[in-house]
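Just below is one structure, and these are the notes that go with it.
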Amino acid sequence: MKIRINELKFDLNEALNEANLYNKIMKKTKLRKEQITTYSIIRESIDARKGITFSYVVDIETPKAGFLLQNGFNVAPEPFEPIDITYKKSLSALNLDSNHRPVVIGFGPAGIFAALQLARAGLNPIVLEMGDEVDERQKAVEVFWETGKLNLRSNVQFGEGGAGAFSDGKLTTRVKDQRIEFVLNYLVKAGAPPEIIYKNKPHIGTDILCDVVKKLRQEILSLGGDIFFNTKVTDINFENGEVICENDRTFQSRSIVLAIGHSARDLFYKLQSQGVSMAQKPFAMGVRIEHPQKLINVAQYGKAHSHEKLGAAEYKLTFSASNGRSVYSFCMCPGGRVVASASEENRLVINGMSYHSRSLQNANSALLVNIAPSDFGSEHVLAGVDLQRKLETLAFEAGGGGYTAPVEKLDTFLGNSSEPYSKGFAGNLKKAKDYYQLTGVDYESEMAGYEITYTPEVKYTALEGFLPDYMCMALKEAIVHFGKQIPGFDDPRVVLTAIESRSSSPVRIIRNPETLVSFSHNGLYPCGEGAGYAGGITSSAVDGVRVAEEIIKDILREHLVLK
């Protein structure tokens with residue numbers, strides 16, 4: 001039995017070492033050192049509201065557990081035990097035929113962890129991925145960023161690792177699921193930094209994440225799985241469970257995991273034409289905003305901003321605009337860059353990315369505006385995709401082609417606007433200069449070196465020329481409001497880049513909430529972000545684990561091993 005100890009406080013200059021941890025635990029629990037058998041750090045968080053304080057959650061083992069329970073402490077939750085290993089012997093005893101090898105379509109976080117769990121159970125999954133393995137994919141992406149030459153199969157959206165492979169590698173999630181611990185531990189096993197287990201806002205970084213993905217692939221292969229890259233699925237014959245790929249290559253299975261990601265538009269339309277149950281889903285679109293990272297550090301940490309324990313600061317912002325729209329920061333990338341993320345010709349998409357060190361000059365974040373089905377302009381289930389495509393095409397045209405991104409400085413986006421934007425805009429700038437002067441930072445010097453990071457090229461233009469009015473109005477109000485929270489956020493030299501349109505899927509592929517099987521097609525398991533059931537790396541991976549569990553249980557029920 002382990003006992004959970006909450007809120008062990010460390011100040012900024014207090015070392016996190018074994019001696020200090022024991023002292024904190026002893027003070028909190030009234031135990032002697034010899035009564036603490038083991039300890040493990042479960043969570044670290046930073047409180048910057050009144051000075052900088054680190055707070056830790058720790059689990060301990062002790063023969064005095066009863067004493068602690070009597071004095072208000074609680075038993076630590078038991079670690080998650082996946083059913084793949086639990087039922088592996090039962091599955092191997094069934095001598096299953098090849099039709100029981102699950103087919104996993106897509107090799108992003110959901111597909112990777114679904115395939116991993118199925119392989120651990122001895123079911124030898126078959127993975128079909130339309131893009132390249134990650135090393136070749138990286139080469140194609142670099143060519144695109146340098147030249148604007150787009151590879152329609154291997155790009156920021158498609159290929160081994162999914163869209164999350166070219167991001168900040170952020171692992172935060174609002175999902176509350178015991179499988180998160182399992183996912184994080186497995187990522188560490190594959191080479192992710194060990195601190196992701198306990199950091200309150202863990203991230204891997206795209207550089208390390210690409211290596212982690214390769215090791216997860218190698219494990220799936222070593223456990224009997226097969227992975228086919230450059231293999232685009234074009235059709236599914238639901239009568240016999242046949243998955244049809246280009247060049248008439250086929251794979252047959254009673255269990256098909258649909259882990260296709262939020263940009264698999266061709267397959268969305270194919271499934272819709274086959275009557276697969278789907279529904280419109282709210283999502284969000286917007287722009288990217290960039291600031292000098294040092295200013296974000298100072299705004300969040302004050303005079304302590306350069307302390308070695310703090311690293312690059314993040315922010316999370318929300319606002320309710322007067323037109324009823326919500327605006328929020330999304331996928332904030334400290335010390336990162338804005339990247340070209342298109343997956344279709346003549347349509348422009350952007351995203352943010354950071355390496356593990358988060359050491360580049362700028363911070364960037366999406367500022368997203370909620371989009372409701374009533375905005376789609378049609379009752380068609382894929383009208384949200386059509387809206388995305390429309391705005392991506394307009395952004396491409398506004399940039400002048402060649403995946404040149406349309407950008408605009410805040411001095412024109414806000415400064416030429418009617419009240420309340422221009423008044424709040426000017427007032428916030430004066431307060432920002434005063435704030436940074438008090439913290440000893442030369443604000444003007446930092447802004448003088450400000451450069452936007454998008455490649456291959458940008459073109460200055462009016463974003464209001466192609467973004468919907470409701471989006472622009474909400475963004476203007478929000479940016480001025482955020483300028484009151486983070487000094488300099490709405491500095492006139494700050495640049496917006498458009499368009500961030502792939503934050504989540506605009507469609508949900510409906511499934512049974514208990515068995516996770518498609519409502520309309522038995523044997524089809526919609527999974528992850530593309531199917532509308534996740535919103536990031538961790539939640540997608542967790543959904544992949546859940547789907548694998550249900551496939552395992554379905555096979556065992558079929559053979560009367562489970563009721």
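By convention in this document, the chains of the structure tokens carry letters A, B, ... by their order, each chain's residues are numbered from 1, and ligands are numbered from 1 in the order they are shown.
Within range 302-348 of chain A, DSSP run on the backbone puts these residues in strand (DSSP E): Thr318, Phe319, Ser320, Ser326, Val327, Tyr328, Ser329, Phe330, Cys331, Met332, Cys333, Pro334, Gly335, Gly336, Arg337, Val338, Val339 and Ala340 of chain A.
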Quick one: residues within 7 Å of range 229-232 of chain A, only C-alpha atoms, excluding same-chain residues fewer than 2 positions away - as an NGL selection string?
:A and (128-133 or 227 or 234 or 245-246)
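If only C-alpha atoms are the atoms counted, then among A:Val257, A:Val407, A:Leu394, A:Leu123 the closest residue to Leu516 in chain A is A:Val257.
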I need the residues of range 170-377 of chain A that end up classed as helix (DSSP H, G or I) by DSSP on the backbone, written out as a PyMOL selection string.
chain A and resi 179-189+194-197+206-222+246-248+265-273+293-304+373-375
Just want the 10 Å neighbourhood of range 427-436 of chain A, counted on only C-alpha atoms, with same-chain residues fewer than 5 positions away dropped. Output as a PyMOL selection string.
chain A and resi 295+298-299+302-303+422+441-444+480-492
For the residues selected in the previous step, produce a file with N, CA, C and O atoms as an mmCIF file, in the first residue's frame.
```
data_model
loop_
_atom_site.group_PDB
_atom_site.id
_atom_site.type_symbol
_atom_site.label_atom_id
_atom_site.label_comp_id
_atom_site.auth_asym_id
_atom_site.auth_seq_id
_atom_site.Cartn_x
_atom_site.Cartn_y
_atom_site.Cartn_z
ATOM 1 N N LEU A 295 10.057 38.076 -23.244
ATOM 2 C CA LEU A 295 8.993 38.898 -22.676
ATOM 3 C C LEU A 295 7.922 38.039 -22.017
ATOM 4 O O LEU A 295 7.363 38.425 -20.988
ATOM 5 N N VAL A 298 9.329 37.022 -18.641
ATOM 6 C CA VAL A 298 9.259 38.093 -17.653
ATOM 7 C C VAL A 298 7.821 38.305 -17.199
ATOM 8 O O VAL A 298 7.550 38.506 -16.001
ATOM 9 N N ALA A 299 6.889 38.269 -18.128
ATOM 10 C CA ALA A 299 5.479 38.474 -17.776
ATOM 11 C C ALA A 299 4.983 37.406 -16.812
ATOM 12 O O ALA A 299 4.181 37.688 -15.915
ATOM 13 N N GLY A 302 8.350 37.367 -13.665
ATOM 14 C CA GLY A 302 8.904 38.585 -13.093
ATOM 15 C C GLY A 302 10.420 38.576 -13.080
ATOM 16 O O GLY A 302 11.073 38.105 -14.016
ATOM 17 N N LYS A 303 11.016 39.092 -11.986
ATOM 18 C CA LYS A 303 12.468 39.218 -11.908
ATOM 19 C C LYS A 303 13.180 37.868 -11.859
ATOM 20 O O LYS A 303 14.391 37.793 -12.088
ATOM 21 N N SER A 422 -8.860 50.203 -30.572
ATOM 22 C CA SER A 422 -7.725 51.116 -30.678
ATOM 23 C C SER A 422 -7.386 51.759 -29.343
ATOM 24 O O SER A 422 -6.219 51.950 -29.008
ATOM 25 N N VAL A 441 14.097 44.916 -17.669
ATOM 26 C CA VAL A 441 14.262 44.400 -19.031
ATOM 27 C C VAL A 441 14.046 45.542 -20.019
ATOM 28 O O VAL A 441 13.094 46.313 -19.892
ATOM 29 N N ASP A 442 14.925 45.636 -20.997
ATOM 30 C CA ASP A 442 14.812 46.671 -22.032
ATOM 31 C C ASP A 442 13.791 46.213 -23.061
ATOM 32 O O ASP A 442 14.107 45.477 -23.996
ATOM 33 N N TYR A 443 12.563 46.631 -22.870
ATOM 34 C CA TYR A 443 11.454 46.194 -23.715
ATOM 35 C C TYR A 443 11.684 46.549 -25.184
ATOM 36 O O TYR A 443 11.495 45.708 -26.076
ATOM 37 N N GLU A 444 12.097 47.759 -25.455
ATOM 38 C CA GLU A 444 12.274 48.192 -26.838
ATOM 39 C C GLU A 444 13.385 47.410 -27.528
ATOM 40 O O GLU A 444 13.293 47.088 -28.707
ATOM 41 N N VAL A 480 -6.806 42.429 -27.295
ATOM 42 C CA VAL A 480 -6.715 43.584 -26.389
ATOM 43 C C VAL A 480 -6.878 43.142 -24.933
ATOM 44 O O VAL A 480 -6.162 43.590 -24.039
ATOM 45 N N HIS A 481 -7.813 42.243 -24.700
ATOM 46 C CA HIS A 481 -8.013 41.722 -23.337
ATOM 47 C C HIS A 481 -6.767 40.983 -22.850
ATOM 48 O O HIS A 481 -6.331 41.172 -21.699
ATOM 49 N N PHE A 482 -6.180 40.158 -23.700
ATOM 50 C CA PHE A 482 -4.983 39.413 -23.310
ATOM 51 C C PHE A 482 -3.811 40.361 -23.052
ATOM 52 O O PHE A 482 -2.921 40.054 -22.256
ATOM 53 N N GLY A 483 -3.818 41.515 -23.725
ATOM 54 C CA GLY A 483 -2.784 42.510 -23.481
ATOM 55 C C GLY A 483 -2.831 43.083 -22.071
ATOM 56 O O GLY A 483 -1.830 43.597 -21.560
ATOM 57 N N LYS A 484 -3.979 42.980 -21.420
ATOM 58 C CA LYS A 484 -4.096 43.417 -20.029
ATOM 59 C C LYS A 484 -3.569 42.347 -19.069
ATOM 60 O O LYS A 484 -3.232 42.648 -17.929
ATOM 61 N N GLN A 485 -3.518 41.108 -19.551
ATOM 62 C CA GLN A 485 -3.027 40.008 -18.718
ATOM 63 C C GLN A 485 -1.533 39.770 -18.905
ATOM 64 O O GLN A 485 -0.838 39.420 -17.945
ATOM 65 N N ILE A 486 -1.062 39.893 -20.138
ATOM 66 C CA ILE A 486 0.355 39.703 -20.447
ATOM 67 C C ILE A 486 0.866 40.986 -21.089
ATOM 68 O O ILE A 486 0.508 41.295 -22.234
ATOM 69 N N PRO A 487 1.667 41.780 -20.372
ATOM 70 C CA PRO A 487 2.148 43.056 -20.917
ATOM 71 C C PRO A 487 2.864 42.866 -22.257
ATOM 72 O O PRO A 487 3.750 42.014 -22.385
ATOM 73 N N GLY A 488 2.453 43.650 -23.241
ATOM 74 C CA GLY A 488 3.069 43.573 -24.560
ATOM 75 C C GLY A 488 2.430 42.571 -25.494
ATOM 76 O O GLY A 488 2.845 42.450 -26.652
ATOM 77 N N PHE A 489 1.425 41.836 -25.025
ATOM 78 C CA PHE A 489 0.783 40.833 -25.879
ATOM 79 C C PHE A 489 0.231 41.479 -27.140
ATOM 80 O O PHE A 489 0.259 40.881 -28.223
ATOM 81 N N ASP A 490 -0.283 42.716 -27.025
ATOM 82 C CA ASP A 490 -0.877 43.396 -28.175
ATOM 83 C C ASP A 490 -0.005 44.552 -28.668
ATOM 84 O O ASP A 490 -0.508 45.555 -29.178
ATOM 85 N N ASP A 491 1.300 44.401 -28.536
ATOM 86 C CA ASP A 491 2.219 45.393 -29.088
ATOM 87 C C ASP A 491 1.963 45.537 -30.599
ATOM 88 O O ASP A 491 1.737 44.546 -31.295
ATOM 89 N N PRO A 492 1.999 46.765 -31.133
ATOM 90 C CA PRO A 492 1.674 46.968 -32.552
ATOM 91 C C PRO A 492 2.599 46.254 -33.519
ATOM 92 O O PRO A 492 2.238 46.023 -34.675
#
```
For Gly335 in chain A, which residue out of A:Gly275, A:Pro373, A:Pro292, A:Pro109 is the nearest one, using only C-alpha atoms?
A:Pro292
Residues at most 10 Å from Pro406 in chain A, counting only C-alpha atoms, excluding those fewer than 4 positions away in the same chain, as a ChimeraX atom specification?
/A:348,394-401,457-463,496-499
Using only C-alpha atoms, which residues of range 507-536 of chain A come within 7 Å of range 543-551 of chain A, and what is the closest atom pair for each, with the distance in Å to one decimal? Give it as CSV, sorted by chain and residue number.
```
residue,atom,partner,partner_atom,distance
A:Thr515,CA,A:Glu550,CA,6.1
A:Leu516,CA,A:Val547,CA,6.5
A:Tyr525,CA,A:Val547,CA,6.9
A:Cys527,CA,A:Asp543,CA,6.3
A:Gly528,CA,A:Asp543,CA,5.7
```
Would you mind exporting the chosen residues as an mmCIF file, in the first residue's frame, restricted to N, CA and C atoms?
```cif
data_model
loop_
_atom_site.group_PDB
_atom_site.id
_atom_site.type_symbol
_atom_site.label_atom_id
_atom_site.label_comp_id
_atom_site.auth_asym_id
_atom_site.auth_seq_id
_atom_site.Cartn_x
_atom_site.Cartn_y
_atom_site.Cartn_z
ATOM 1 N N THR A 515 -18.831 -0.307 -26.207
ATOM 2 C CA THR A 515 -17.972 -1.241 -26.950
ATOM 3 C C THR A 515 -17.020 -0.530 -27.904
ATOM 4 N N LEU A 516 -17.250 0.752 -28.160
ATOM 5 C CA LEU A 516 -16.441 1.590 -29.054
ATOM 6 C C LEU A 516 -16.520 1.156 -30.515
ATOM 7 N N TYR A 525 -13.838 0.312 -35.680
ATOM 8 C CA TYR A 525 -13.578 0.992 -34.406
ATOM 9 C C TYR A 525 -13.028 2.400 -34.671
ATOM 10 N N CYS A 527 -11.468 5.853 -33.893
ATOM 11 C CA CYS A 527 -10.508 6.018 -32.796
ATOM 12 C C CYS A 527 -9.744 7.320 -32.929
ATOM 13 N N GLY A 528 -9.503 7.992 -31.813
ATOM 14 C CA GLY A 528 -8.585 9.108 -31.772
ATOM 15 C C GLY A 528 -9.163 10.424 -32.251
#
```
Excluding range 158-168 of chain A and its own-chain neighbours fewer than 5 positions away, which residues fall within 9 Å of it when counting only C-alpha atoms? Please give them as a PyMOL selection string.
chain A and resi 106-112+129-135+137+152-153+203-207+209-210+213-214+217+229-230+260-264+331-334+336+339+341+343+351-356+358+536-537
List as a PyMOL selection string the protein and nucleic acid residues near range 1-5 of chain A, meaning an atom at most 10 Å away when only C-alpha atoms are counted, but skip any in the same chain fewer than 2 places from it.
chain A and resi 7-8+25+28-29+38-42+56-66+68-69+73-78
For His291 in chain A, work out the shell of residues within 9 Å, counting only C-alpha atoms and skipping chain neighbours fewer than 4 positions away, then give it as a VMD selection string.
chain A and resid 295 to 296 361 to 364 447 450 to 452 488 to 489 494 to 495
Which is closer to Ser273 in chain A than all the others in A:Val381, A:Ser518, A:Phe54, A:Ser357, using only C-alpha atoms?
A:Val381
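Compared by their closest atoms to Thr538 in chain A, and using only C-alpha atoms, the residues A:Ile180, A:Leu414, A:Val103, A:Leu258 rank with A:Ile180 nearest.
Between Leu150 in chain A and the candidates A:Phe182, A:Tyr454, A:Tyr403, A:Tyr269, the tightest atom-to-atom separation, counting only C-alpha atoms, involves A:Tyr403.
Considering the residues A:Lys176, A:Arg49, A:Arg389, A:Lys27 and counting only C-alpha atoms, Gln300 in chain A has its shortest atom-to-atom contact with A:Arg49.
Going from CA of His305 in chain A over to CA of Leu367 in chain A, you cover 24.2 Å.
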